[in-house]
>>> print(open('final_2.cif').read())   # mmCIF, C-alpha atoms
data_data
#
loop_
_atom_site.label_atom_id
_atom_site.label_comp_id
_atom_site.auth_asym_id
_atom_site.auth_seq_id
_atom_site.Cartn_x
_atom_site.Cartn_y
_atom_site.Cartn_z
CA MET D 11 15.06 20.33 -18.56
CA ASP D 12 16.69 22.10 -15.67
CA ASN D 13 16.98 21.70 -11.92
CA LYS D 14 14.96 24.74 -10.85
CA PRO D 15 14.13 24.56 -7.15
CA GLY D 16 10.54 23.74 -6.40
CA VAL D 17 8.02 20.93 -6.36
CA VAL D 18 8.18 18.61 -9.36
CA VAL D 19 5.07 16.67 -8.45
CA ALA D 20 2.81 16.27 -5.41
CA ASN D 21 0.94 13.18 -4.26
CA LYS D 22 -2.64 14.50 -4.22
CA ARG D 23 -4.13 11.29 -2.83
CA ILE D 24 -2.69 12.14 0.56
CA GLN D 25 -5.07 15.08 1.01
CA HIS D 26 -8.10 12.81 0.64
CA ASN D 27 -7.06 9.42 2.01
CA PHE D 28 -4.51 10.28 4.66
CA LYS D 29 -4.54 12.18 7.97
CA THR D 30 -1.12 13.78 8.34
CA PHE D 31 0.42 14.26 11.79
CA GLU D 32 3.91 15.30 10.77
CA ARG D 33 5.93 16.17 7.66
CA LEU D 34 9.66 16.04 7.04
CA GLU D 35 12.07 16.38 4.17
CA ALA D 36 14.54 13.69 3.13
CA GLY D 37 17.08 13.23 0.40
CA ILE D 38 16.77 10.23 -1.88
CA GLU D 39 19.54 8.07 -3.29
CA LEU D 40 19.06 7.85 -7.06
CA ARG D 41 21.21 6.69 -9.94
CA GLY D 42 22.18 9.15 -12.67
CA TRP D 43 19.57 8.09 -15.19
CA GLU D 44 16.88 8.15 -12.47
CA VAL D 45 17.57 11.82 -11.78
CA LYS D 46 17.19 12.55 -15.49
CA ALA D 47 13.91 10.60 -15.53
CA VAL D 48 12.66 12.61 -12.54
CA ARG D 49 13.57 15.83 -14.34
CA SER D 50 11.47 14.70 -17.30
CA ARG D 51 8.65 13.67 -14.89
CA THR D 52 8.53 10.01 -15.93
CA PHE D 53 7.85 8.53 -12.52
CA ALA D 54 4.85 7.63 -10.39
CA PHE D 55 4.20 7.66 -6.65
CA GLY D 56 1.12 5.49 -7.01
CA ASP D 57 1.04 3.14 -4.03
CA SER D 58 4.51 3.94 -2.73
CA TYR D 59 5.33 3.98 0.96
CA CYS D 60 8.35 4.04 3.25
CA ARG D 61 9.64 1.06 5.18
CA PHE D 62 12.58 0.25 7.43
CA TYR D 63 15.09 -2.36 6.28
CA GLY D 64 17.58 -2.78 9.08
CA ARG D 65 18.41 0.67 10.40
CA GLU D 66 17.67 2.54 7.16
CA LEU D 67 14.48 3.98 5.69
CA TYR D 68 13.61 3.05 2.11
CA LEU D 69 11.02 4.28 -0.37
CA VAL D 70 9.27 1.22 -1.78
CA GLN D 71 7.17 0.87 -4.96
CA MET D 72 8.01 4.25 -6.49
CA SER D 73 8.21 3.63 -10.20
CA VAL D 74 10.77 5.62 -12.17
CA GLY D 75 10.12 5.33 -15.87
CA PRO D 76 12.86 4.27 -18.26
CA TYR D 77 15.21 6.92 -19.52
CA ALA D 78 15.60 6.70 -23.29
CA PHE D 79 19.39 6.88 -23.31
CA ALA D 80 20.06 4.41 -20.48
CA HIS D 81 19.98 0.62 -20.42
CA THR D 82 17.52 -0.38 -17.71
CA THR D 83 15.68 -3.51 -16.71
CA ASP D 84 12.18 -3.86 -15.30
CA GLU D 85 13.54 -4.73 -11.84
CA GLU D 86 15.43 -1.44 -11.69
CA LEU D 87 12.31 0.62 -12.41
CA LYS D 88 10.57 -0.36 -9.16
CA ARG D 89 13.58 -0.99 -6.93
CA ARG D 90 13.58 0.31 -3.36
CA ARG D 91 15.39 3.60 -2.94
CA ARG D 92 17.20 4.63 0.23
CA LEU D 93 16.09 7.83 1.93
CA LEU D 94 18.74 10.08 3.43
CA VAL D 95 17.48 11.16 6.84
CA HIS D 96 19.31 12.24 10.01
CA ARG D 97 19.69 9.54 12.66
CA ARG D 98 17.55 11.47 15.19
CA GLU D 99 14.69 11.73 12.70
CA LEU D 100 15.00 8.02 11.89
CA ILE D 101 14.66 7.13 15.57
CA ARG D 102 11.64 9.42 15.96
CA ILE D 103 9.93 8.00 12.86
CA ALA D 104 10.63 4.43 13.98
CA SER D 105 9.03 5.12 17.37
CA LEU D 106 5.95 6.71 15.77
CA ILE D 107 5.51 3.75 13.44
CA SER D 108 5.94 1.10 16.13
CA GLN D 109 4.00 2.74 18.98
CA GLN D 110 1.15 4.49 17.19
CA GLY D 111 0.84 2.35 14.07
CA LEU D 112 1.43 5.27 11.69
CA THR D 113 2.56 5.06 8.07
CA VAL D 114 5.14 7.11 6.18
CA VAL D 115 4.30 8.01 2.57
CA PRO D 116 5.87 10.43 0.08
CA ALA D 117 3.90 13.68 -0.22
CA SER D 118 5.91 15.41 -2.93
CA LEU D 119 9.14 15.32 -4.88
CA SER D 120 11.19 18.45 -5.49
CA PHE D 121 14.61 19.82 -6.39
CA SER D 122 16.62 21.72 -3.76
CA GLU D 123 18.71 24.83 -4.40
CA GLY D 124 21.77 22.66 -5.06
CA GLY D 125 19.92 20.52 -7.62
CA PHE D 126 19.41 17.53 -5.32
CA VAL D 127 16.18 15.55 -5.42
CA LYS D 128 14.25 15.82 -2.14
CA VAL D 129 11.20 13.88 -0.95
CA ASP D 130 8.66 15.46 1.38
CA LEU D 131 7.42 12.67 3.66
CA ALA D 132 4.09 12.63 5.47
CA VAL D 133 3.72 10.64 8.69
CA GLY D 134 0.13 9.75 9.46
CA LYS D 135 -2.74 7.30 9.17
CA PHE D 136 -4.81 6.21 6.23
CA LEU D 137 -8.47 7.08 6.58
CA ALA D 138 -11.00 4.33 6.29
CA THR D 139 -13.42 4.63 3.38
CA LYS D 140 -16.07 5.73 5.84
CA GLY D 141 -13.82 8.50 7.16
CA SER D 142 -12.99 9.85 3.73
CA ARG D 143 -16.66 9.66 2.75
CA GLU D 144 -17.62 11.67 5.83
CA THR D 145 -14.91 14.22 5.09
CA SER D 146 -16.05 14.71 1.50
CA GLU D 147 -19.69 15.01 2.66
CA ARG D 148 -18.69 17.60 5.26
CA ARG D 149 -16.79 19.60 2.62
CA ARG D 150 -19.79 19.47 0.28
CA VAL D 151 -22.10 20.80 3.00
CA GLU D 152 -19.63 23.58 3.87
CA ARG D 153 -19.47 24.58 0.18
CA GLU D 154 -23.27 24.76 -0.01
CA ILE D 155 -23.45 26.87 3.15
CA ARG D 156 -20.83 29.28 1.79
CA GLY D 157 -22.86 29.50 -1.44
CA TYR D 158 -26.00 30.48 0.47
CA MET D 159 -24.17 33.11 2.52
CA ARG D 160 -23.12 35.07 -0.56
#
>>> encode(input="final_2.cif", output="structure tokens")
Amino acid sequence: MDNKPGVVVANKRIQHNFKTFERLEAGIELRGWEVKAVRSRTFAFGDSYCRFYGRELYLVQMSVGPYAFAHTTDEELKRRRRLLVHRRELIRIASLISQQGLTVVPASLSFSEGGFVKVDLAVGKFLATKGSRETSERRRVEREIRGYMR
């Protein structure tokens, strides 16, 4: 496994259940064996989200699978991981979350040119079930209309 730049995995749920207002890239603080587990794609975004603890932004509930050659415990697999973001961006994100009630979730995980793991964050709102149902119905109707126009 190598550190080729590019997206390792994308969180596809965001496209359906989330209305994105803004995206930004952040570094993530990982331990050595966690980077190797990410390279081998043994991790899951699942229900992960970002949250402020003090003055720092953390990624919560991202599960990194065990690496075969490292001694790990179950608590370490789902620990919160600090995100490396510039102070200005942190202040802007904090104001969006507090004033507009938005949520920050990871959209994708990738390797940079230097081999560092980067997280693409999406700032937005979760759609209600009704909203996502309406969106999928609208897309279905648009597909049918395009089919008739051919």
>>> resolve_selection(input="final_2.cif", expression="the PyMOL selection byres ((chain D and resi 65-74) around 6)", output="ChimeraX atom specification")
/D:53-55,58-64,75,87-88,90-93
>>> atom_distance(input="final_2.cif", atom1="CA of Phe121 in chain D", atom2="CA of Val17 in chain D")
6.7 Å
>>> resolve_selection(input="final_2.cif", expression="the PyMOL selection byres ((chain D and resi 45-52) around 7)", output="PyMOL selection string")
chain D and resi 11+40-44+53+74-77
>>> write_last_selection(input="final_2.cif", atoms="C-alpha atoms", output="PDB file, in the frame of the given file")
ATOM      1  CA  MET D  11      15.060  20.330 -18.560  1.00  0.00           C
ATOM      2  CA  LEU D  40      19.060   7.850  -7.060  1.00  0.00           C
ATOM      3  CA  ARG D  41      21.210   6.690  -9.940  1.00  0.00           C
ATOM      4  CA  GLY D  42      22.180   9.150 -12.670  1.00  0.00           C
ATOM      5  CA  TRP D  43      19.570   8.090 -15.190  1.00  0.00           C
ATOM      6  CA  GLU D  44      16.880   8.150 -12.470  1.00  0.00           C
ATOM      7  CA  PHE D  53       7.850   8.530 -12.520  1.00  0.00           C
ATOM      8  CA  VAL D  74      10.770   5.620 -12.170  1.00  0.00           C
ATOM      9  CA  GLY D  75      10.120   5.330 -15.870  1.00  0.00           C
ATOM     10  CA  PRO D  76      12.860   4.270 -18.260  1.00  0.00           C
ATOM     11  CA  TYR D  77      15.210   6.920 -19.520  1.00  0.00           C
TER      12      TYR D  77
END
>>> closest_residue(input="final_2.cif", among="D:Lys135, D:Arg23, D:Arg97, D:Arg149", to="Gly111 in chain D", atoms="all atoms listed in the file")
D:Lys135
>>> resolve_selection(input="final_2.cif", expression="the PyMOL selection byres ((chain D and resi 34) around 12)", output="list in words")
Thr30, Phe31, Glu32, Arg33, Glu35, Ala36, Gly37, Leu93, Leu94, Val95, His96, Glu99, Leu100, Arg102, Ile103, Val114, Val115, Pro116, Ala117, Ser118, Leu119, Lys128, Val129, Asp130, Leu131, Ala132, Val133 and Gly134 of chain D
>>> atom_distance(input="final_2.cif", atom1="CA of Gly125 in chain D", atom2="CA of Ile101 in chain D")
27.3 Å
>>> atom_distance(input="final_2.cif", atom1="CA of Ile38 in chain D", atom2="CA of Ser120 in chain D")
10.6 Å
>>> closest_residue(input="final_2.cif", among="D:Phe126, D:Glu147, D:Leu137, D:Glu152", to="Thr113 in chain D", atoms="all atoms listed in the file")
D:Leu137
>>> build_atoms(input="final_2.cif", residues="range 46-66 of chain D", atoms="N, CA, C and O atoms", output="PDB file, in the coordinates of the input")
ATOM      1  N   LYS D  46      17.620  12.013 -14.195  1.00  0.00           N
ATOM      2  CA  LYS D  46      17.190  12.550 -15.490  1.00  0.00           C
ATOM      3  C   LYS D  46      15.731  12.185 -15.769  1.00  0.00           C
ATOM      4  O   LYS D  46      14.980  12.980 -16.325  1.00  0.00           O
ATOM      5  N   ALA D  47      15.312  10.999 -15.354  1.00  0.00           N
ATOM      6  CA  ALA D  47      13.910  10.600 -15.530  1.00  0.00           C
ATOM      7  C   ALA D  47      13.001  11.434 -14.640  1.00  0.00           C
ATOM      8  O   ALA D  47      11.896  11.805 -15.050  1.00  0.00           O
ATOM      9  N   VAL D  48      13.452  11.759 -13.431  1.00  0.00           N
ATOM     10  CA  VAL D  48      12.660  12.610 -12.540  1.00  0.00           C
ATOM     11  C   VAL D  48      12.537  14.007 -13.126  1.00  0.00           C
ATOM     12  O   VAL D  48      11.464  14.613 -13.089  1.00  0.00           O
ATOM     13  N   ARG D  49      13.620  14.515 -13.688  1.00  0.00           N
ATOM     14  CA  ARG D  49      13.570  15.830 -14.340  1.00  0.00           C
ATOM     15  C   ARG D  49      12.535  15.860 -15.451  1.00  0.00           C
ATOM     16  O   ARG D  49      11.843  16.845 -15.651  1.00  0.00           O
ATOM     17  N   SER D  50      12.436  14.754 -16.195  1.00  0.00           N
ATOM     18  CA  SER D  50      11.470  14.700 -17.300  1.00  0.00           C
ATOM     19  C   SER D  50      10.101  14.196 -16.842  1.00  0.00           C
ATOM     20  O   SER D  50       9.234  13.955 -17.666  1.00  0.00           O
ATOM     21  N   ARG D  51       9.928  14.030 -15.520  1.00  0.00           N
ATOM     22  CA  ARG D  51       8.650  13.670 -14.890  1.00  0.00           C
ATOM     23  C   ARG D  51       8.110  12.314 -15.341  1.00  0.00           C
ATOM     24  O   ARG D  51       6.907  12.146 -15.480  1.00  0.00           O
ATOM     25  N   THR D  52       8.984  11.358 -15.563  1.00  0.00           N
ATOM     26  CA  THR D  52       8.530  10.010 -15.930  1.00  0.00           C
ATOM     27  C   THR D  52       8.651   9.082 -14.733  1.00  0.00           C
ATOM     28  O   THR D  52       9.452   8.157 -14.726  1.00  0.00           O
ATOM     29  N   PHE D  53       7.884   9.362 -13.711  1.00  0.00           N
ATOM     30  CA  PHE D  53       7.850   8.530 -12.520  1.00  0.00           C
ATOM     31  C   PHE D  53       6.462   8.600 -11.920  1.00  0.00           C
ATOM     32  O   PHE D  53       5.667   9.467 -12.265  1.00  0.00           O
ATOM     33  N   ALA D  54       6.167   7.665 -11.015  1.00  0.00           N
ATOM     34  CA  ALA D  54       4.850   7.630 -10.390  1.00  0.00           C
ATOM     35  C   ALA D  54       4.965   7.241  -8.922  1.00  0.00           C
ATOM     36  O   ALA D  54       5.668   6.295  -8.580  1.00  0.00           O
ATOM     37  N   PHE D  55       4.275   8.001  -8.069  1.00  0.00           N
ATOM     38  CA  PHE D  55       4.200   7.660  -6.650  1.00  0.00           C
ATOM     39  C   PHE D  55       3.262   6.489  -6.447  1.00  0.00           C
ATOM     40  O   PHE D  55       3.552   5.577  -5.708  1.00  0.00           O
ATOM     41  N   GLY D  56       2.103   6.556  -7.093  1.00  0.00           N
ATOM     42  CA  GLY D  56       1.120   5.490  -7.010  1.00  0.00           C
ATOM     43  C   GLY D  56       0.881   4.994  -5.596  1.00  0.00           C
ATOM     44  O   GLY D  56       0.384   5.718  -4.753  1.00  0.00           O
ATOM     45  N   ASP D  57       1.250   3.762  -5.330  1.00  0.00           N
ATOM     46  CA  ASP D  57       1.040   3.140  -4.030  1.00  0.00           C
ATOM     47  C   ASP D  57       2.330   3.054  -3.238  1.00  0.00           C
ATOM     48  O   ASP D  57       2.528   2.129  -2.463  1.00  0.00           O
ATOM     49  N   SER D  58       3.222   4.020  -3.414  1.00  0.00           N
ATOM     50  CA  SER D  58       4.510   3.940  -2.730  1.00  0.00           C
ATOM     51  C   SER D  58       4.379   4.291  -1.257  1.00  0.00           C
ATOM     52  O   SER D  58       3.481   5.018  -0.845  1.00  0.00           O
ATOM     53  N   TYR D  59       5.297   3.757  -0.480  1.00  0.00           N
ATOM     54  CA  TYR D  59       5.330   3.980   0.960  1.00  0.00           C
ATOM     55  C   TYR D  59       6.760   3.813   1.440  1.00  0.00           C
ATOM     56  O   TYR D  59       7.627   3.372   0.687  1.00  0.00           O
ATOM     57  N   CYS D  60       7.009   4.165   2.692  1.00  0.00           N
ATOM     58  CA  CYS D  60       8.350   4.040   3.250  1.00  0.00           C
ATOM     59  C   CYS D  60       8.384   2.909   4.262  1.00  0.00           C
ATOM     60  O   CYS D  60       7.414   2.682   4.978  1.00  0.00           O
ATOM     61  N   ARG D  61       9.516   2.223   4.302  1.00  0.00           N
ATOM     62  CA  ARG D  61       9.640   1.060   5.180  1.00  0.00           C
ATOM     63  C   ARG D  61      11.086   0.953   5.662  1.00  0.00           C
ATOM     64  O   ARG D  61      12.020   1.299   4.944  1.00  0.00           O
ATOM     65  N   PHE D  62      11.245   0.464   6.875  1.00  0.00           N
ATOM     66  CA  PHE D  62      12.580   0.250   7.430  1.00  0.00           C
ATOM     67  C   PHE D  62      13.105  -1.107   7.013  1.00  0.00           C
ATOM     68  O   PHE D  62      12.408  -2.112   7.109  1.00  0.00           O
ATOM     69  N   TYR D  63      14.343  -1.130   6.533  1.00  0.00           N
ATOM     70  CA  TYR D  63      15.090  -2.360   6.280  1.00  0.00           C
ATOM     71  C   TYR D  63      16.367  -2.211   7.093  1.00  0.00           C
ATOM     72  O   TYR D  63      17.226  -1.403   6.744  1.00  0.00           O
ATOM     73  N   GLY D  64      16.456  -2.966   8.166  1.00  0.00           N
ATOM     74  CA  GLY D  64      17.580  -2.780   9.080  1.00  0.00           C
ATOM     75  C   GLY D  64      17.425  -1.461   9.798  1.00  0.00           C
ATOM     76  O   GLY D  64      16.395  -1.170  10.380  1.00  0.00           O
ATOM     77  N   ARG D  65      18.452  -0.632   9.733  1.00  0.00           N
ATOM     78  CA  ARG D  65      18.410   0.670  10.400  1.00  0.00           C
ATOM     79  C   ARG D  65      18.218   1.801   9.409  1.00  0.00           C
ATOM     80  O   ARG D  65      18.445   2.960   9.748  1.00  0.00           O
ATOM     81  N   GLU D  66      17.811   1.508   8.176  1.00  0.00           N
ATOM     82  CA  GLU D  66      17.670   2.540   7.160  1.00  0.00           C
ATOM     83  C   GLU D  66      16.235   2.580   6.642  1.00  0.00           C
ATOM     84  O   GLU D  66      15.541   1.564   6.602  1.00  0.00           O
TER      85      GLU D  66
END
